[in-house]
>>> print(open('start38.json').read())   # JSON, C-alpha atoms and all ligand atoms
[["chain", "number", "residue", "atom", "x", "y", "z"],
["A", 33, "MET", "CA", -11.63, -83.42, 44.43],
["A", 34, "PRO", "CA", -14.87, -83.23, 46.38],
["A", 35, "LEU", "CA", -18.04, -82.66, 44.39],
["A", 36, "SER", "CA", -21.63, -82.45, 45.47],
["A", 37, "ASN", "CA", -23.88, -85.32, 44.36],
["A", 38, "SER", "CA", -25.67, -83.18, 41.83],
["A", 39, "GLN", "CA", -22.41, -81.99, 40.29],
["A", 40, "TYR", "CA", -21.12, -85.55, 40.14],
["A", 41, "ASP", "CA", -24.32, -86.73, 38.46],
["A", 42, "THR", "CA", -24.14, -83.91, 35.92],
["A", 43, "ILE", "CA", -20.62, -84.90, 34.89],
["A", 44, "ILE", "CA", -21.38, -88.63, 34.73],
["A", 45, "ARG", "CA", -24.43, -87.89, 32.59],
["A", 46, "GLU", "CA", -22.22, -85.94, 30.19],
["A", 47, "TYR", "CA", -19.80, -88.85, 29.89],
["A", 48, "ASN", "CA", -22.67, -91.27, 29.28],
["A", 49, "ALA", "CA", -24.05, -88.99, 26.58],
["A", 50, "LYS", "CA", -20.64, -88.82, 24.88],
["A", 51, "GLN", "CA", -20.35, -92.62, 24.91],
["A", 52, "ILE", "CA", -23.84, -93.10, 23.49],
["A", 53, "LYS", "CA", -23.20, -90.51, 20.78],
["A", 54, "ASN", "CA", -19.96, -92.25, 19.87],
["A", 55, "GLN", "CA", -21.63, -95.66, 19.76],
["A", 56, "HIS", "CA", -24.34, -94.30, 17.47],
["A", 57, "MET", "CA", -21.72, -92.84, 15.19],
["A", 58, "VAL", "CA", -19.88, -96.16, 14.97],
["A", 59, "ASP", "CA", -23.16, -98.04, 14.34],
["A", 60, "ASP", "CA", -24.16, -95.63, 11.57],
["A", 61, "ARG", "CA", -20.78, -95.96, 9.92],
["A", 62, "LEU", "CA", -20.84, -99.75, 10.16],
["A", 63, "LYS", "CA", -24.23, -99.82, 8.46],
["A", 64, "GLU", "CA", -22.92, -97.51, 5.78],
["A", 65, "VAL", "CA", -19.86, -99.66, 4.97],
["A", 66, "TYR", "CA", -21.84, -102.93, 5.16],
["A", 67, "ASP", "CA", -24.20, -101.50, 2.55],
["A", 68, "LYS", "CA", -21.25, -100.70, 0.31],
["A", 69, "ASP", "CA", -19.49, -104.03, 0.65],
["A", 70, "ALA", "CA", -21.15, -107.13, 2.10],
["A", 71, "ARG", "CA", -17.77, -108.79, 2.70],
["A", 72, "LEU", "CA", -17.24, -106.49, 5.70],
["A", 73, "GLN", "CA", -20.34, -107.80, 7.41],
["A", 74, "GLU", "CA", -19.26, -111.37, 6.66],
["A", 75, "ILE", "CA", -15.88, -110.72, 8.28],
["A", 76, "ASP", "CA", -17.48, -109.18, 11.36],
["A", 77, "ASP", "CA", -19.88, -112.12, 11.66],
["A", 78, "ALA", "CA", -16.98, -114.51, 11.31],
["A", 79, "ILE", "CA", -15.10, -112.65, 14.06],
["A", 80, "SER", "CA", -18.11, -112.98, 16.39],
["A", 81, "SER", "CA", -18.64, -116.69, 15.83],
["A", 82, "PHE", "CA", -14.95, -117.55, 15.96],
["A", 83, "SER", "CA", -14.54, -115.58, 19.22],
["A", 84, "LEU", "CA", -17.44, -117.50, 20.72],
["A", 85, "LEU", "CA", -16.02, -120.82, 19.60],
["A", 86, "GLN", "CA", -12.60, -120.07, 21.07],
["A", 87, "ALA", "CA", -14.16, -118.88, 24.33],
["A", 88, "ARG", "CA", -15.89, -122.25, 24.67],
["A", 89, "LYS", "CA", -12.64, -124.07, 23.94],
["A", 90, "LEU", "CA", -10.87, -121.99, 26.55],
["A", 91, "LEU", "CA", -13.52, -122.87, 29.14],
["A", 92, "ASN", "CA", -12.98, -126.54, 28.31],
["A", 93, "GLY", "CA", -9.32, -126.19, 29.14],
["A", 94, "ASP", "CA", -7.85, -125.62, 25.68],
["A", 95, "THR", "CA", -5.05, -123.21, 26.53],
["A", 96, "LYS", "CA", -4.11, -122.59, 22.90],
["A", 97, "ALA", "CA", -7.56, -121.19, 22.09],
["A", 98, "LEU", "CA", -6.61, -117.63, 22.99],
["A", 99, "ILE", "CA", -3.48, -117.60, 20.86],
["A", 100, "GLU", "CA", -5.43, -118.99, 17.88],
["A", 101, "LEU", "CA", -8.02, -116.28, 18.37],
["A", 102, "ARG", "CA", -5.39, -113.54, 18.42],
["A", 103, "HIS", "CA", -3.80, -114.80, 15.21],
["A", 104, "ARG", "CA", -7.12, -115.07, 13.47],
["A", 105, "LEU", "CA", -8.17, -111.56, 14.59],
["A", 106, "VAL", "CA", -5.00, -110.06, 13.15],
["A", 107, "GLU", "CA", -5.82, -111.66, 9.80],
["A", 108, "TYR", "CA", -9.48, -110.61, 9.88],
["A", 109, "ASN", "CA", -8.51, -107.05, 10.72],
["A", 110, "ARG", "CA", -6.02, -107.00, 7.89],
["A", 111, "GLN", "CA", -8.76, -108.07, 5.45],
["A", 112, "ARG", "CA", -11.09, -105.48, 6.88],
["A", 113, "GLN", "CA", -8.53, -102.73, 6.39],
["A", 114, "VAL", "CA", -7.88, -103.75, 2.79],
["A", 115, "ILE", "CA", -11.59, -103.51, 1.95],
["A", 116, "LEU", "CA", -12.02, -100.19, 3.77],
["A", 117, "LYS", "CA", -9.10, -98.79, 1.83],
["A", 118, "GLU", "CA", -10.59, -100.00, -1.46],
["A", 119, "LEU", "CA", -13.78, -98.17, -0.55],
["A", 120, "GLY", "CA", -11.76, -95.01, 0.08],
["A", 121, "TYR", "CA", -12.11, -94.85, 3.88],
["A", 122, "SER", "CA", -9.37, -94.09, 6.37],
["A", 123, "GLU", "CA", -8.36, -97.01, 8.56],
["A", 124, "LYS", "CA", -9.78, -95.27, 11.62],
["A", 125, "TYR", "CA", -13.19, -94.73, 10.05],
["A", 126, "LEU", "CA", -14.90, -97.41, 12.15],
["A", 127, "GLU", "CA", -13.17, -96.51, 15.40],
["A", 128, "PRO", "CA", -14.86, -94.31, 17.99],
["A", 129, "SER", "CA", -13.46, -90.77, 18.11],
["A", 130, "TYR", "CA", -12.94, -89.94, 21.76],
["A", 131, "GLU", "CA", -12.70, -86.40, 23.12],
["A", 132, "CYS", "CA", -10.31, -87.84, 25.69],
["A", 133, "ALA", "CA", -8.34, -90.81, 24.42],
["A", 134, "ASP", "CA", -6.84, -91.39, 27.87],
["A", 135, "CYS", "CA", -10.11, -92.51, 29.50],
["A", 136, "LYS", "CA", -12.08, -93.20, 26.28],
["A", 137, "ASP", "CA", -14.67, -90.69, 27.51],
["A", 138, "THR", "CA", -15.51, -92.67, 30.60],
["A", 139, "GLY", "CA", -14.01, -90.14, 33.02],
["A", 140, "TYR", "CA", -12.06, -92.86, 34.76],
["A", 141, "ILE", "CA", -8.76, -94.64, 34.27],
["A", 142, "GLY", "CA", -9.13, -97.75, 36.41],
["A", 143, "ASN", "CA", -10.53, -96.50, 39.69],
["A", 144, "GLU", "CA", -8.95, -93.05, 39.36],
["A", 145, "ARG", "CA", -10.70, -90.02, 37.94],
["A", 146, "CYS", "CA", -9.16, -88.95, 34.65],
["A", 147, "HIS", "CA", -7.59, -85.50, 34.28],
["A", 148, "CYS", "CA", -10.49, -84.55, 31.99],
["A", 149, "PHE", "CA", -12.92, -85.36, 34.81],
["A", 150, "LYS", "CA", -10.99, -83.21, 37.27],
["A", 151, "GLN", "CA", -10.92, -80.24, 34.93],
["A", 152, "ARG", "CA", -14.60, -80.67, 34.07],
["A", 153, "ALA", "CA", -15.35, -80.57, 37.79],
["A", 154, "ILE", "CA", -13.45, -77.30, 38.12],
["A", 155, "ASP", "CA", -15.16, -75.81, 35.08],
["A", 156, "LEU", "CA", -18.51, -76.80, 36.51],
["A", 157, "VAL", "CA", -17.87, -75.48, 39.98],
["A", 158, "TYR", "CA", -16.41, -72.16, 38.89],
["A", 159, "THR", "CA", -18.09, -71.77, 35.52],
["A", 160, "GLN", "CA", -14.65, -71.05, 34.15],
["A", 161, "SER", "CA", -15.80, -71.17, 30.55],
["A", 162, "ASN", "CA", -14.80, -67.50, 30.16],
["A", 163, "ILE", "CA", -11.16, -68.31, 30.78],
["A", 164, "ARG", "CA", -11.31, -70.95, 28.02],
["A", 165, "SER", "CA", -12.15, -68.36, 25.40],
["A", 166, "ILE", "CA", -9.48, -65.99, 26.72],
["A", 167, "LEU", "CA", -6.88, -68.76, 26.50],
["A", 168, "LYS", "CA", -7.68, -69.24, 22.83],
["A", 169, "ASP", "CA", -6.32, -65.73, 22.24],
["A", 170, "GLU", "CA", -3.73, -65.48, 24.98],
["A", 171, "ASN", "CA", -1.15, -68.28, 24.75],
["A", 172, "PHE", "CA", 2.46, -68.81, 23.74],
["A", 173, "GLU", "CA", 1.47, -69.13, 20.09],
["A", 174, "THR", "CA", -0.06, -65.66, 20.02],
["A", 175, "PHE", "CA", 2.53, -64.14, 22.33],
["A", 176, "THR", "CA", 4.80, -61.54, 20.71],
["A", 177, "TYR", "CA", 7.79, -59.51, 21.82],
["A", 178, "ASP", "CA", 6.76, -56.68, 19.49],
["A", 179, "TYR", "CA", 5.57, -54.49, 22.33],
["A", 180, "TYR", "CA", 8.77, -54.76, 24.33],
["A", 181, "SER", "CA", 11.43, -52.18, 23.68],
["A", 182, "GLY", "CA", 15.08, -53.09, 23.32],
["A", 183, "LYS", "CA", 16.12, -49.53, 24.15],
["A", 184, "ASP", "CA", 14.91, -48.29, 27.54],
["A", 185, "SER", "CA", 16.44, -50.22, 30.34],
["A", 186, "ASN", "CA", 15.38, -50.65, 33.92],
["A", 187, "PRO", "CA", 17.90, -48.74, 36.05],
["A", 188, "ALA", "CA", 17.56, -51.30, 38.83],
["A", 189, "THR", "CA", 18.55, -54.29, 36.69],
["A", 190, "GLY", "CA", 20.18, -52.74, 33.65],
["A", 191, "LEU", "CA", 17.93, -54.89, 31.44],
["A", 192, "THR", "CA", 15.68, -53.57, 28.68],
["A", 193, "SER", "CA", 12.00, -54.43, 28.80],
["A", 194, "LEU", "CA", 12.60, -56.86, 25.93],
["A", 195, "GLU", "CA", 15.36, -58.67, 27.83],
["A", 196, "THR", "CA", 13.26, -58.68, 30.99],
["A", 197, "MET", "CA", 10.37, -60.29, 29.13],
["A", 198, "GLN", "CA", 12.63, -62.83, 27.42],
["A", 199, "ASN", "CA", 13.93, -63.90, 30.82],
["A", 200, "ALA", "CA", 10.40, -64.09, 32.21],
["A", 201, "VAL", "CA", 9.23, -66.26, 29.29],
["A", 202, "SER", "CA", 12.17, -68.55, 29.78],
["A", 203, "ASP", "CA", 11.34, -68.85, 33.51],
["A", 204, "CYS", "CA", 7.73, -69.66, 32.60],
["A", 205, "ARG", "CA", 8.83, -72.31, 30.11],
["A", 206, "LYS", "CA", 11.01, -73.87, 32.78],
["A", 207, "PHE", "CA", 8.12, -73.76, 35.25],
["A", 208, "ILE", "CA", 5.95, -75.66, 32.75],
["A", 209, "ARG", "CA", 8.64, -78.13, 31.75],
["A", 210, "GLU", "CA", 9.41, -79.09, 35.33],
["A", 211, "PHE", "CA", 5.87, -78.74, 36.66],
["A", 212, "ASP", "CA", 5.47, -82.42, 37.60],
["A", 213, "LEU", "CA", 8.99, -82.75, 38.96],
["A", 214, "VAL", "CA", 9.89, -79.57, 40.82],
["A", 215, "PHE", "CA", 7.56, -77.67, 43.14],
["A", 216, "SER", "CA", 7.63, -74.03, 42.14],
["A", 217, "ASN", "CA", 5.50, -70.85, 42.18],
["A", 218, "LEU", "CA", 5.55, -67.65, 40.17],
["A", 219, "PHE", "CA", 5.01, -64.08, 41.30],
["A", 220, "PHE", "CA", 4.58, -61.48, 38.54],
["A", 221, "TYR", "CA", 4.72, -57.86, 39.54],
["A", 222, "GLY", "CA", 5.07, -54.59, 37.71],
["A", 223, "ASP", "CA", 2.98, -51.75, 36.30],
["A", 224, "THR", "CA", -0.38, -52.13, 34.56],
["A", 225, "GLY", "CA", -0.30, -53.47, 31.02],
["A", 226, "VAL", "CA", 3.18, -55.01, 30.93],
["A", 227, "GLY", "CA", 1.85, -58.51, 30.18],
["A", 228, "LYS", "CA", 1.56, -60.19, 33.59],
["A", 229, "THR", "CA", -1.91, -61.64, 33.02],
["A", 230, "PHE", "CA", -1.04, -62.62, 29.46],
["A", 231, "LEU", "CA", 1.96, -64.55, 30.69],
["A", 232, "SER", "CA", 0.02, -66.39, 33.38],
["A", 233, "ASN", "CA", -2.59, -67.27, 30.74],
["A", 234, "CYS", "CA", 0.18, -68.73, 28.56],
["A", 235, "VAL", "CA", 1.22, -70.97, 31.46],
["A", 236, "ALA", "CA", -2.40, -71.91, 32.24],
["A", 237, "LYS", "CA", -3.03, -72.98, 28.64],
["A", 238, "GLU", "CA", 0.06, -75.20, 28.49],
["A", 239, "LEU", "CA", -0.78, -76.92, 31.77],
["A", 240, "LEU", "CA", -4.46, -77.39, 30.91],
["A", 241, "ASP", "CA", -3.43, -78.94, 27.60],
["A", 242, "THR", "CA", -1.25, -81.45, 29.43],
["A", 243, "GLY", "CA", -4.09, -82.57, 31.68],
["A", 244, "HIS", "CA", -3.47, -80.51, 34.83],
["A", 245, "SER", "CA", -6.24, -78.92, 36.84],
["A", 246, "VAL", "CA", -6.08, -75.14, 36.77],
["A", 247, "ILE", "CA", -8.23, -72.60, 38.57],
["A", 248, "TYR", "CA", -8.12, -68.95, 37.64],
["A", 249, "PHE", "CA", -9.45, -66.24, 39.94],
["A", 250, "THR", "CA", -9.04, -62.54, 40.24],
["A", 251, "ALA", "CA", -8.15, -61.75, 43.84],
["A", 252, "PHE", "CA", -11.61, -60.29, 44.19],
["A", 253, "GLN", "CA", -13.30, -63.57, 43.16],
["A", 254, "LEU", "CA", -11.04, -65.63, 45.38],
["A", 255, "PHE", "CA", -11.88, -63.66, 48.51],
["A", 256, "GLU", "CA", -15.55, -63.75, 47.60],
["A", 257, "ILE", "CA", -15.45, -67.57, 47.70],
["A", 258, "PHE", "CA", -13.68, -67.47, 51.06],
["A", 259, "GLU", "CA", -16.22, -65.02, 52.33],
["A", 260, "ARG", "CA", -19.19, -67.10, 51.20],
["A", 261, "ASN", "CA", -17.68, -70.18, 52.75],
["A", 262, "THR", "CA", -16.98, -68.52, 56.08],
["A", 263, "PHE", "CA", -19.85, -66.19, 56.71],
["A", 264, "ARG", "CA", -22.86, -67.80, 55.17],
["A", 265, "GLN", "CA", -23.93, -70.41, 57.62],
["A", 266, "ALA", "CA", -25.96, -72.21, 55.02],
["A", 267, "ALA", "CA", -22.89, -72.93, 52.93],
["A", 268, "ASN", "CA", -24.17, -75.58, 50.57],
["A", 269, "GLU", "CA", -22.25, -78.56, 49.26],
["A", 270, "ASP", "CA", -21.22, -76.71, 46.11],
["A", 271, "ILE", "CA", -19.59, -73.86, 48.00],
["A", 272, "ILE", "CA", -17.79, -76.24, 50.32],
["A", 273, "SER", "CA", -16.43, -78.25, 47.43],
["A", 274, "ALA", "CA", -15.43, -75.07, 45.57],
["A", 275, "HIS", "CA", -13.53, -74.04, 48.66],
["A", 276, "GLN", "CA", -11.71, -77.38, 48.82],
["A", 277, "ASN", "CA", -10.63, -77.17, 45.19],
["A", 278, "ILE", "CA", -8.76, -73.96, 45.87],
["A", 279, "PHE", "CA", -6.33, -75.95, 48.00],
["A", 280, "ASP", "CA", -6.31, -79.08, 45.82],
["A", 281, "CYS", "CA", -5.99, -77.99, 42.19],
["A", 282, "ASP", "CA", -2.64, -78.44, 40.44],
["A", 283, "LEU", "CA", -2.30, -74.75, 39.65],
["A", 284, "LEU", "CA", -4.09, -71.80, 41.25],
["A", 285, "ILE", "CA", -3.83, -68.43, 39.52],
["A", 286, "ILE", "CA", -4.57, -65.34, 41.59],
["A", 287, "ASP", "CA", -4.73, -62.41, 39.23],
["A", 288, "ASP", "CA", -4.60, -58.74, 40.18],
["A", 289, "LEU", "CA", -3.80, -59.14, 43.84],
["A", 290, "GLY", "CA", -4.44, -55.81, 45.53],
["A", 291, "THR", "CA", -7.48, -54.84, 43.49],
["A", 292, "GLU", "CA", -9.74, -56.32, 46.16],
["A", 293, "MET", "CA", -10.37, -54.25, 49.28],
["A", 294, "PRO", "CA", -7.76, -55.59, 51.66],
["A", 295, "ASN", "CA", -8.93, -56.02, 55.25],
["A", 296, "SER", "CA", -8.04, -58.27, 58.16],
["A", 297, "PHE", "CA", -10.18, -61.07, 56.72],
["A", 298, "THR", "CA", -8.60, -61.08, 53.24],
["A", 299, "ILE", "CA", -5.12, -60.72, 54.71],
["A", 300, "SER", "CA", -5.45, -63.75, 56.96],
["A", 301, "LYS", "CA", -7.19, -65.79, 54.24],
["A", 302, "LEU", "CA", -4.45, -65.05, 51.76],
["A", 303, "PHE", "CA", -1.83, -66.31, 54.20],
["A", 304, "LEU", "CA", -3.85, -69.42, 54.92],
["A", 305, "CYS", "CA", -4.36, -70.14, 51.22],
["A", 306, "LEU", "CA", -0.76, -69.62, 50.15],
["A", 307, "ASN", "CA", 0.61, -71.44, 53.15],
["A", 308, "GLU", "CA", -1.72, -74.42, 52.70],
["A", 309, "ARG", "CA", -0.80, -74.76, 49.05],
["A", 310, "ILE", "CA", 2.89, -74.63, 49.86],
["A", 311, "LEU", "CA", 2.40, -77.39, 52.46],
["A", 312, "ARG", "CA", 0.57, -79.47, 49.88],
["A", 313, "ARG", "CA", 3.22, -78.64, 47.28],
["A", 314, "LYS", "CA", 0.63, -77.29, 44.89],
["A", 315, "SER", "CA", 1.79, -74.48, 42.63],
["A", 316, "THR", "CA", 0.38, -70.96, 42.58],
["A", 317, "ILE", "CA", 0.85, -67.99, 40.27],
["A", 318, "ILE", "CA", 0.17, -64.51, 41.63],
["A", 319, "SER", "CA", 0.15, -61.33, 39.61],
["A", 320, "THR", "CA", -0.08, -57.83, 41.02],
["A", 321, "ASN", "CA", 0.45, -54.18, 40.21],
["A", 322, "LEU", "CA", 1.69, -53.63, 43.74],
["A", 323, "THR", "CA", 5.35, -53.11, 44.52],
["A", 324, "ILE", "CA", 7.17, -55.60, 46.71],
["A", 325, "ASN", "CA", 7.12, -53.09, 49.57],
["A", 326, "GLN", "CA", 3.38, -52.61, 49.24],
["A", 327, "VAL", "CA", 2.81, -56.37, 49.30],
["A", 328, "ALA", "CA", 4.78, -56.62, 52.53],
["A", 329, "GLU", "CA", 2.95, -53.64, 54.04],
["A", 330, "ILE", "CA", -0.57, -54.69, 53.07],
["A", 331, "TYR", "CA", -0.45, -58.47, 53.51],
["A", 332, "SER", "CA", 1.88, -58.65, 56.53],
["A", 333, "GLU", "CA", 5.46, -59.76, 56.86],
["A", 334, "ARG", "CA", 4.63, -63.43, 57.34],
["A", 335, "THR", "CA", 2.74, -63.63, 54.04],
["A", 336, "PHE", "CA", 5.47, -61.73, 52.30],
["A", 337, "SER", "CA", 8.13, -64.01, 53.68],
["A", 338, "ARG", "CA", 6.21, -67.08, 52.46],
["A", 339, "ILE", "CA", 6.03, -65.53, 49.01],
["A", 340, "SER", "CA", 9.63, -64.40, 48.83],
["A", 341, "SER", "CA", 10.94, -67.77, 49.99],
["A", 342, "SER", "CA", 8.77, -70.02, 47.81],
["A", 343, "TYR", "CA", 8.09, -68.01, 44.66],
["A", 344, "VAL", "CA", 10.17, -67.08, 41.64],
["A", 345, "MET", "CA", 9.79, -63.29, 41.65],
["A", 346, "LEU", "CA", 9.46, -61.84, 38.16],
["A", 347, "LYS", "CA", 9.33, -58.08, 37.80],
["A", 348, "LEU", "CA", 8.09, -57.05, 34.39],
["A", 349, "PHE", "CA", 8.43, -53.55, 33.09],
["A", 350, "GLY", "CA", 7.81, -51.58, 29.93],
["A", 351, "ASP", "CA", 5.16, -49.44, 28.30],
["A", 352, "ASP", "CA", 1.49, -50.13, 28.79],
["A", 353, "ILE", "CA", 0.72, -52.63, 26.01],
["A", 354, "ARG", "CA", -2.98, -51.81, 26.06],
["A", 355, "ILE", "CA", -2.14, -48.22, 25.12],
["A", 356, "LEU", "CA", 0.46, -49.29, 22.54],
["A", 357, "LYS", "CA", -2.11, -51.54, 20.87],
["A", 358, "LYS", "CA", -4.56, -48.66, 20.59],
["A", 359, "LEU", "CA", -1.91, -46.39, 19.06],
["A", 360, "ARG", "CA", -1.02, -48.83, 16.29],
["B", 1, "ZN", "ZN", -10.25, -88.44, 30.21]]
>>> encode(input="start38.json", output="structure tokens")
Amino acid sequence: MPLSNSQYDTIIREYNAKQIKNQHMVDDRLKEVYDKDARLQEIDDAISSFSLLQARKLLNGDTKALIELRHRLVEYNRQRQVILKELGYSEKYLEPSYECADCKDTGYIGNERCHCFKQRAIDLVYTQSNIRSILKDENFETFTYDYYSGKDSNPATGLTSLETMQNAVSDCRKFIREFDLVFSNLFFYGDTGVGKTFLSNCVAKELLDTGHSVIYFTAFQLFEIFERNTFRQAANEDIISAHQNIFDCDLLIIDDLGTEMPNSFTISKLFLCLNERILRRKSTIISTNLTINQVAEIYSERTFSRISSSYVMLKLFGDDIRILKKLR
């Protein structure tokens, strides 16, 4: 994912700060346990000198040196754990506590950027911190069927709003489960307040938690980025990289399609964006209050045909949950 130099530096500085903080924590804790029991320091000193000794032996061609070292380390660590336990500490007390165990807060796994780096880049570029707090409230754990009636059914499908939602949730679960294996996209449509945005937030949360890069935009914000990238000659590095990420991220969410002011620019950009992501096999979720016919009318047949052929179309229906919540 392309980043400007200043963005890259910002992220690397954050990782360095995390590592230093962690090292300080470990040092403080070591000092604390050494003060409580001098045997721990003796063991650590013994580990250092024995390691050095074995390294010298290895350099002199003693091939058994490494195996001896491993055996001895196991024994030293066992002794260490026994003492820590006697002192009432957990066995992990002297280990660093990483925010991301996968890259140990370095941002890299080998030469590859870690998933936490990629998401941090997205957060930085789009200042998506607002979506983080929304996802704390809107996820599968807080999701409830309470607002969906088991009585009124949709004449077109014969399903109640409860059944419709149950099917939609099961499609979303499948989408998440197979995300790394099967290329798929979701299209939520239906009236205001039937839970389209909530459902896409549930999916976003699950995928973020499993290390995927997710970008959330309202349609309005998305077209604003396109507009800035196209029309402002002095597009700086940050805008160009933001623009790239729209095509590269693992999941792009376009919320409230149709609430922007559609014009020939937005219509052609939407086609380009959806088409490019399909070619790259990167998933997209769209939600809209528009009907299928309106989507075809406003965004052209070619866009509509891309959507209808590559997206799982989920029509939600029911009462406006925002109003129901107020009435309760
Ligand atoms: Zn990481």
>>> closest_residue(input="start38.json", among="A:Gln111, A:Ser165, A:Gln151, A:Ser300", to="ligand ZN 1 (chain B)", atoms="only C-alpha atoms and all ligand atoms")
A:Gln151
>>> closest_residue(input="start38.json", among="A:Asn199, A:Ser216, A:Thr242, A:Gln276", to="ligand ZN 1 (chain B)", atoms="all atoms listed in the file")
A:Thr242
>>> residues_around(input="start38.json", residues="region 60-72 of chain A", least_positions_apart="3", cutoff="7 Å", atoms="all atoms listed in the file", output="PyMOL selection string")
chain A and resi 56-57+75-76+112+126
>>> write_last_selection(input="start38.json", atoms="C-alpha atoms", output="PDB file, in the coordinates of the input")
ATOM      1  CA  HIS A  56     -24.340 -94.300  17.470  1.00  0.00           C
ATOM      2  CA  MET A  57     -21.720 -92.840  15.190  1.00  0.00           C
ATOM      3  CA  ILE A  75     -15.880-110.720   8.280  1.00  0.00           C
ATOM      4  CA  ASP A  76     -17.480-109.180  11.360  1.00  0.00           C
ATOM      5  CA  ARG A 112     -11.090-105.480   6.880  1.00  0.00           C
ATOM      6  CA  LEU A 126     -14.900 -97.410  12.150  1.00  0.00           C
TER       7      LEU A 126
END
>>> closest_residue(input="start38.json", among="A:Ser337, A:Thr224, A:Ser296, A:Asn92", to="Thr320 (chain A)", atoms="all atoms listed in the file")
A:Thr224
>>> residues_near_ligand(input="start38.json", ligand="ligand ZN 1 (chain B)", cutoff="10 Å", atoms="all atoms listed in the file", output="number ranges by chain")
A: 47, 130-141, 145-152, 243
>>> atom_distance(input="start38.json", atom1="CA of Gln73 (chain A)", atom2="CA of Leu98 (chain A)")
23.0 Å
>>> atom_distance(input="start38.json", atom1="CA of Ala328 (chain A)", atom2="CA of Ile299 (chain A)")
10.9 Å
>>> residues_around(input="start38.json", residues="Glu308 (chain A)", least_positions_apart="5", cutoff="10 Å", atoms="all atoms listed in the file", output="PyMOL selection string")
chain A and resi 278-280+302-303+313-314
>>> closest_residue(input="start38.json", among="A:Lys347, A:Lys117, A:Arg88, A:Arg45", to="Ile318 (chain A)", atoms="all atoms listed in the file")
A:Lys347
>>> atom_distance(input="start38.json", atom1="CA of Lys50 (chain A)", atom2="CA of Asn109 (chain A)")
26.1 Å
>>> residues_around(input="start38.json", residues="Phe82 (chain A)", least_positions_apart="6", cutoff="12 Å", atoms="all atoms listed in the file", output="VMD selection string")
chain A and resid 74 to 76 88 to 89 97 to 98 100 to 105 108
>>> closest_atom_pairs(input="start38.json", of="region 298-360 of chain A", to="region 174-183 of chain A", cutoff="8 Å", atoms="only C-alpha atoms", output="tab-separated table")
residue	atom	partner	partner_atom	distance
A:Gly350	CA	A:Tyr180	CA	6.5
A:Asp351	CA	A:Tyr180	CA	7.6
A:Ile353	CA	A:Tyr179	CA	6.4
A:Leu356	CA	A:Tyr179	CA	7.3
>>> residues_around(input="start38.json", residues="Val235 (chain A)", least_positions_apart="4", cutoff="12 Å", atoms="all atoms listed in the file", output="ChimeraX atom specification")
/A:167,170-173,175,200-209,211,217-218,228-231,239-242,244,246-248,283-285,315-317
>>> closest_residue(input="start38.json", among="A:Asp169, A:Glu127, A:Asp288, A:Glu195", to="Phe249 (chain A)", atoms="all atoms listed in the file")
A:Asp288
>>> residues_near_point(input="start38.json", point="(0.5, -52.0, 45.9)", cutoff="10 Å", atoms="all atoms listed in the file", output="list of chain:residue names")
A:Tyr221, A:Gly222, A:Asp223, A:Leu289, A:Gly290, A:Thr291, A:Thr320, A:Asn321, A:Leu322, A:Thr323, A:Ile324, A:Asn325, A:Gln326, A:Val327, A:Ala328, A:Glu329, A:Ile330
>>> write_last_selection(input="start38.json", atoms="C-alpha atoms", output="PDB file, in the coordinates of the input")
ATOM      1  CA  TYR A 221       4.720 -57.860  39.540  1.00  0.00           C
ATOM      2  CA  GLY A 222       5.070 -54.590  37.710  1.00  0.00           C
ATOM      3  CA  ASP A 223       2.980 -51.750  36.300  1.00  0.00           C
ATOM      4  CA  LEU A 289      -3.800 -59.140  43.840  1.00  0.00           C
ATOM      5  CA  GLY A 290      -4.440 -55.810  45.530  1.00  0.00           C
ATOM      6  CA  THR A 291      -7.480 -54.840  43.490  1.00  0.00           C
ATOM      7  CA  THR A 320      -0.080 -57.830  41.020  1.00  0.00           C
ATOM      8  CA  ASN A 321       0.450 -54.180  40.210  1.00  0.00           C
ATOM      9  CA  LEU A 322       1.690 -53.630  43.740  1.00  0.00           C
ATOM     10  CA  THR A 323       5.350 -53.110  44.520  1.00  0.00           C
ATOM     11  CA  ILE A 324       7.170 -55.600  46.710  1.00  0.00           C
ATOM     12  CA  ASN A 325       7.120 -53.090  49.570  1.00  0.00           C
ATOM     13  CA  GLN A 326       3.380 -52.610  49.240  1.00  0.00           C
ATOM     14  CA  VAL A 327       2.810 -56.370  49.300  1.00  0.00           C
ATOM     15  CA  ALA A 328       4.780 -56.620  52.530  1.00  0.00           C
ATOM     16  CA  GLU A 329       2.950 -53.640  54.040  1.00  0.00           C
ATOM     17  CA  ILE A 330      -0.570 -54.690  53.070  1.00  0.00           C
TER      18      ILE A 330
END
>>> build_atoms(input="start38.json", residues="region 352-357 of chain A", atoms="N, CA and C atoms", output="mmCIF file, in the frame of the given file")
data_model
loop_
_atom_site.group_PDB
_atom_site.id
_atom_site.type_symbol
_atom_site.label_atom_id
_atom_site.label_comp_id
_atom_site.auth_asym_id
_atom_site.auth_seq_id
_atom_site.Cartn_x
_atom_site.Cartn_y
_atom_site.Cartn_z
ATOM 1 N N ASP A 352 2.796 -49.483 28.654
ATOM 2 C CA ASP A 352 1.490 -50.130 28.790
ATOM 3 C C ASP A 352 1.042 -50.670 27.421
ATOM 4 N N ILE A 353 1.023 -52.014 27.302
ATOM 5 C CA ILE A 353 0.720 -52.630 26.010
ATOM 6 C C ILE A 353 -0.682 -52.285 25.524
ATOM 7 N N ARG A 354 -1.606 -52.133 26.477
ATOM 8 C CA ARG A 354 -2.980 -51.810 26.060
ATOM 9 C C ARG A 354 -3.011 -50.466 25.328
ATOM 10 N N ILE A 355 -2.180 -49.536 25.795
ATOM 11 C CA ILE A 355 -2.140 -48.220 25.120
ATOM 12 C C ILE A 355 -1.399 -48.352 23.785
ATOM 13 N N LEU A 356 -0.293 -49.097 23.784
ATOM 14 C CA LEU A 356 0.460 -49.290 22.540
ATOM 15 C C LEU A 356 -0.422 -49.882 21.437
ATOM 16 N N LYS A 357 -1.247 -50.882 21.853
ATOM 17 C CA LYS A 357 -2.110 -51.540 20.870
ATOM 18 C C LYS A 357 -3.098 -50.556 20.257
#
